[in-house]
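Q: First the structure, which I've put down as structure tokens, then a few questions once you've had a look.
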Amino acid sequence: MRKLKDLEDGMLVLGIETSCDETGIALFDTERGLLADALHSQIDVHEEYGGVVPELASRDHIRKTIPLIDEVLKSAQVDRRQLDAIAYTAGPGLVGALMVGAAIGQSLAYALKIPALGVHHMEGHLLAPMLEESPPNFPFVALLVSGGHTQLVDVLGIGQYQLLGESLDDAAGEAFDKAAKMLGLPYPGGPHIAKLAESGDPQRFDFPRPMVRQGGLNFSFSGLKTAVLNAVNESRDEVGNIAPQDRADIAASFQAAVVETLMLKCRRALKETGRKQLIIAGGVSANKALRMSLDDMMVKLKGELFYARPEFCTDNGAMIAFAGAQRLKAGQKDGLSIMPKARWPMEQLPAIKG
């Protein structure tokens, strides 16, 4: 096996992401940057069920992962034998889906006699803004908002994370999905809510801003979800239909409540930590209303807001390849055991010094 210490001057890392309902593959070079990436979404597979079906997700990853690896290598004009290491998502996520990426990543690494490393999915999201031309510098506060997580983290460096607050029930992305389902919108709900909200009045419905007055940095979206359900039921006519404008107003008011709640918590976290840099990452970070709100807030606070390009906000292979490369360069690697983790607190990750 090629030794990691021999790769310090440059490393070509294949990233594999299969934590949930998207198969992401990318090729990252520590000297040249991102060389190629590809993403397959399973939206069509799960849409009719209104959410992710774990068994169907795993089967689709089995069908798509190796063809996508071949596609990315061909696009970058790279032979498998040129790879220096493989990074794959080890958790958190759906165990069956994680097993697919881990088994393929470990097997390929073993065959090529190169190191492999399991990457934390949320650390991948957290570091995704580092792929942009103007990345943030440590330290900063990170808002991680996705279908499964809503967290505020104080970030001193890679692996140096202090959890400041998190959702006590639904994640923000999950709340978007559930609100969309109440309004009869397709899965996933976030983009459809945002589009419908463009024609709605965000002040029409006075939805709660959960856990804002109590202080602290934790989140809760269950009460907001209940308020949306009540508004939907009250807006139905005698045959159960909702007028188009009422649907748009509910969507806009819901989105405004989520955005304001996230903004107020971010502002509180920045004040408590004294940080001047804020990054947002995860699928919900692609929401335009959220970006505009946080951007305006950071201008007023004389700070900076950072986020990844939209295609790197959702699950993707680029963030896994990048995050894996940082740890592989520091000498980390896994043994041959495949140990996916459905739950994996990010604070358990070892710090990278320097």
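Letters for chains follow the order of the structure tokens (A, B, ...), residue numbers begin at 1 for each chain, and ligand numbers begin at 1 in the order shown.
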Each residue of stretch 40-65 of chain A lying at most 12 Å from stretch 176-188 of chain A should get a row with its shortest atom-to-atom pair and the distance in Å to one decimal, counting only C-alpha atoms; could you produce that, ordered by chain and increasing number, as CSV?
A:
```
residue,atom,partner,partner_atom,distance
A:Ser41,CA,A:Pro188,CA,11.1
A:Gln42,CA,A:Pro188,CA,10.5
A:Ile43,CA,A:Tyr187,CA,7.3
A:Asp44,CA,A:Tyr187,CA,9.1
A:Val45,CA,A:Tyr187,CA,10.6
A:His46,CA,A:Tyr187,CA,7.9
A:Glu47,CA,A:Tyr187,CA,5.3
A:Glu48,CA,A:Tyr187,CA,8.2
A:Tyr49,CA,A:Tyr187,CA,8.6
A:Gly50,CA,A:Tyr187,CA,5.6
A:Gly51,CA,A:Tyr187,CA,6.7
A:Val52,CA,A:Tyr187,CA,9.3
```
Q: Write out, as a CSV table (one decimal), in the first residue's frame, the residues just selected, with N, CA, C and O atoms.
A:
```
chain,number,residue,atom,x,y,z
A,41,SER,N,-29.8,11.8,-8.4
A,41,SER,CA,-30.9,12.0,-7.4
A,41,SER,C,-31.9,10.9,-7.5
A,41,SER,O,-32.3,10.4,-8.6
A,42,GLN,N,-32.4,10.5,-6.4
A,42,GLN,CA,-33.4,9.4,-6.3
A,42,GLN,C,-34.9,10.0,-6.1
A,42,GLN,O,-35.8,9.3,-5.7
A,43,ILE,N,-35.0,11.3,-6.4
A,43,ILE,CA,-36.3,11.9,-6.2
A,43,ILE,C,-37.5,11.2,-6.9
A,43,ILE,O,-38.5,10.9,-6.3
A,44,ASP,N,-37.2,10.7,-8.1
A,44,ASP,CA,-38.3,10.0,-8.8
A,44,ASP,C,-38.6,8.7,-8.1
A,44,ASP,O,-39.8,8.2,-8.2
A,45,VAL,N,-37.6,8.1,-7.5
A,45,VAL,CA,-37.8,6.8,-6.8
A,45,VAL,C,-38.7,7.0,-5.6
A,45,VAL,O,-39.6,6.1,-5.3
A,46,HIS,N,-38.5,8.0,-4.8
A,46,HIS,CA,-39.2,8.2,-3.5
A,46,HIS,C,-40.4,9.1,-3.6
A,46,HIS,O,-41.2,9.2,-2.6
A,47,GLU,N,-40.6,9.9,-4.6
A,47,GLU,CA,-41.6,10.9,-4.7
A,47,GLU,C,-43.0,10.4,-4.4
A,47,GLU,O,-43.8,11.0,-3.7
A,48,GLU,N,-43.3,9.2,-5.0
A,48,GLU,CA,-44.7,8.7,-4.8
A,48,GLU,C,-45.0,8.3,-3.4
A,48,GLU,O,-46.1,8.2,-2.9
A,49,TYR,N,-43.9,8.1,-2.5
A,49,TYR,CA,-44.1,7.7,-1.1
A,49,TYR,C,-44.0,8.9,-0.2
A,49,TYR,O,-44.3,8.8,1.0
A,50,GLY,N,-43.7,10.1,-0.7
A,50,GLY,CA,-43.6,11.3,0.1
A,50,GLY,C,-42.5,11.4,1.0
A,50,GLY,O,-42.4,12.2,2.0
A,51,GLY,N,-41.5,10.5,0.8
A,51,GLY,CA,-40.3,10.5,1.7
A,51,GLY,C,-39.4,9.4,1.2
A,51,GLY,O,-39.7,8.5,0.4
A,52,VAL,N,-38.2,9.3,1.9
A,52,VAL,CA,-37.2,8.3,1.5
A,52,VAL,C,-37.6,6.9,2.0
A,52,VAL,O,-37.8,6.7,3.2
```
Q: Just the residues within 6 Å of A:Leu14, please, counting only C-alpha atoms, with nothing from its chain fewer than 2 positions along; format it as a short mmCIF file (atom, residue, chain, number, x, y, z; two decimals) with C-alpha atoms, in the first residue's frame.
A:
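Everything below was put into out.cif:
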```cif
data_model
loop_
_atom_site.label_atom_id
_atom_site.label_comp_id
_atom_site.auth_asym_id
_atom_site.auth_seq_id
_atom_site.Cartn_x
_atom_site.Cartn_y
_atom_site.Cartn_z
CA ALA A 26 -16.24 13.32 -7.15
CA LEU A 27 -12.54 13.48 -7.82
CA ILE A 86 -10.73 6.89 -1.44
CA ALA A 321 -13.70 13.99 -1.36
#
```
Q: Taking only C-alpha atoms into account, which of A:Leu270, A:Leu168, A:Met122, A:Ala243 comes nearest A:Ser146?
A: A:Met122
Q: When you count only C-alpha atoms, which of these residues is closest to A:Leu164: A:Gly216, A:Pro350, A:Gly282, A:Pro135?
A: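 Of A:Gly216, A:Pro350, A:Gly282, A:Pro135, the one nearest A:Leu164, counting only C-alpha atoms, is A:Gly216.
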Q: Go through A:Asp29, A:Asp169, A:Asp249, A:Glu304 one by one, measure the shortest atom-to-atom distance of each to A:Leu196 using only C-alpha atoms, and give the residue with the smallest value.
A: A:Asp249
Q: Find the spatial neighbours of A:Gln82, counting only C-alpha atoms, within a cut-off of 10 Å - ignore same-chain residues fewer than 5 positions away - and output them as a ChimeraX atom specification.
A: /A:11-13,73,112
Q: Nearest residue to A:Ile114 out of A:Pro210, A:Gly335, A:Pro244, A:Gly173, using only C-alpha atoms?
A: A:Gly335
Q: Closest to A:Ile104 among A:Lys64, A:Lys195, A:Lys300, A:Arg213, using only C-alpha atoms?
A: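 Under the stated criterion, the closest residue is A:Lys64.
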Q: Measuring between only C-alpha atoms, which one of A:Val95, A:Ile69, A:Leu127, A:Ala251 shows the shortest distance to A:Arg327?
A: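 Of A:Val95, A:Ile69, A:Leu127, A:Ala251, the one nearest A:Arg327, counting only C-alpha atoms, is A:Leu127.
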Q: Which residues are near A:Cys20? Cut-off 7 Å, only C-alpha atoms, ignore same chain within fewer than 6 positions. Put them as JSON, numbers by chain.
A: {"A": [57, 93, 94, 97]}
Q: As a count of residues only, please: the residues near stretch 288-295 of chain A (cut-off 7 Å, only C-alpha atoms, same-chain neighbours under 2 positions excluded).
A: 8
Q: DSSP on the backbone: what in stretch 149-331 of chain A comes out strand (DSSP E), as a PyMOL selection string?
A: chain A and resi 150-157+160-166+277-281+304-307
Q: Could you pull out the alpha helix (DSSP H) residues of stretch 221-338 of chain A from DSSP and send them as JSON, numbers by chain?
A: {"A": [222, 223, 224, 225, 226, 227, 228, 229, 230, 231, 232, 233, 234, 235, 244, 245, 246, 247, 248, 249, 250, 251, 252, 253, 254, 255, 256, 257, 258, 259, 260, 261, 262, 263, 264, 265, 266, 267, 268, 269, 270, 271, 272, 273, 288, 289, 290, 291, 292, 293, 294, 295, 296, 297, 298, 299, 300, 317, 318, 319, 320, 321, 322, 323, 324, 325, 326, 327, 328, 329]}
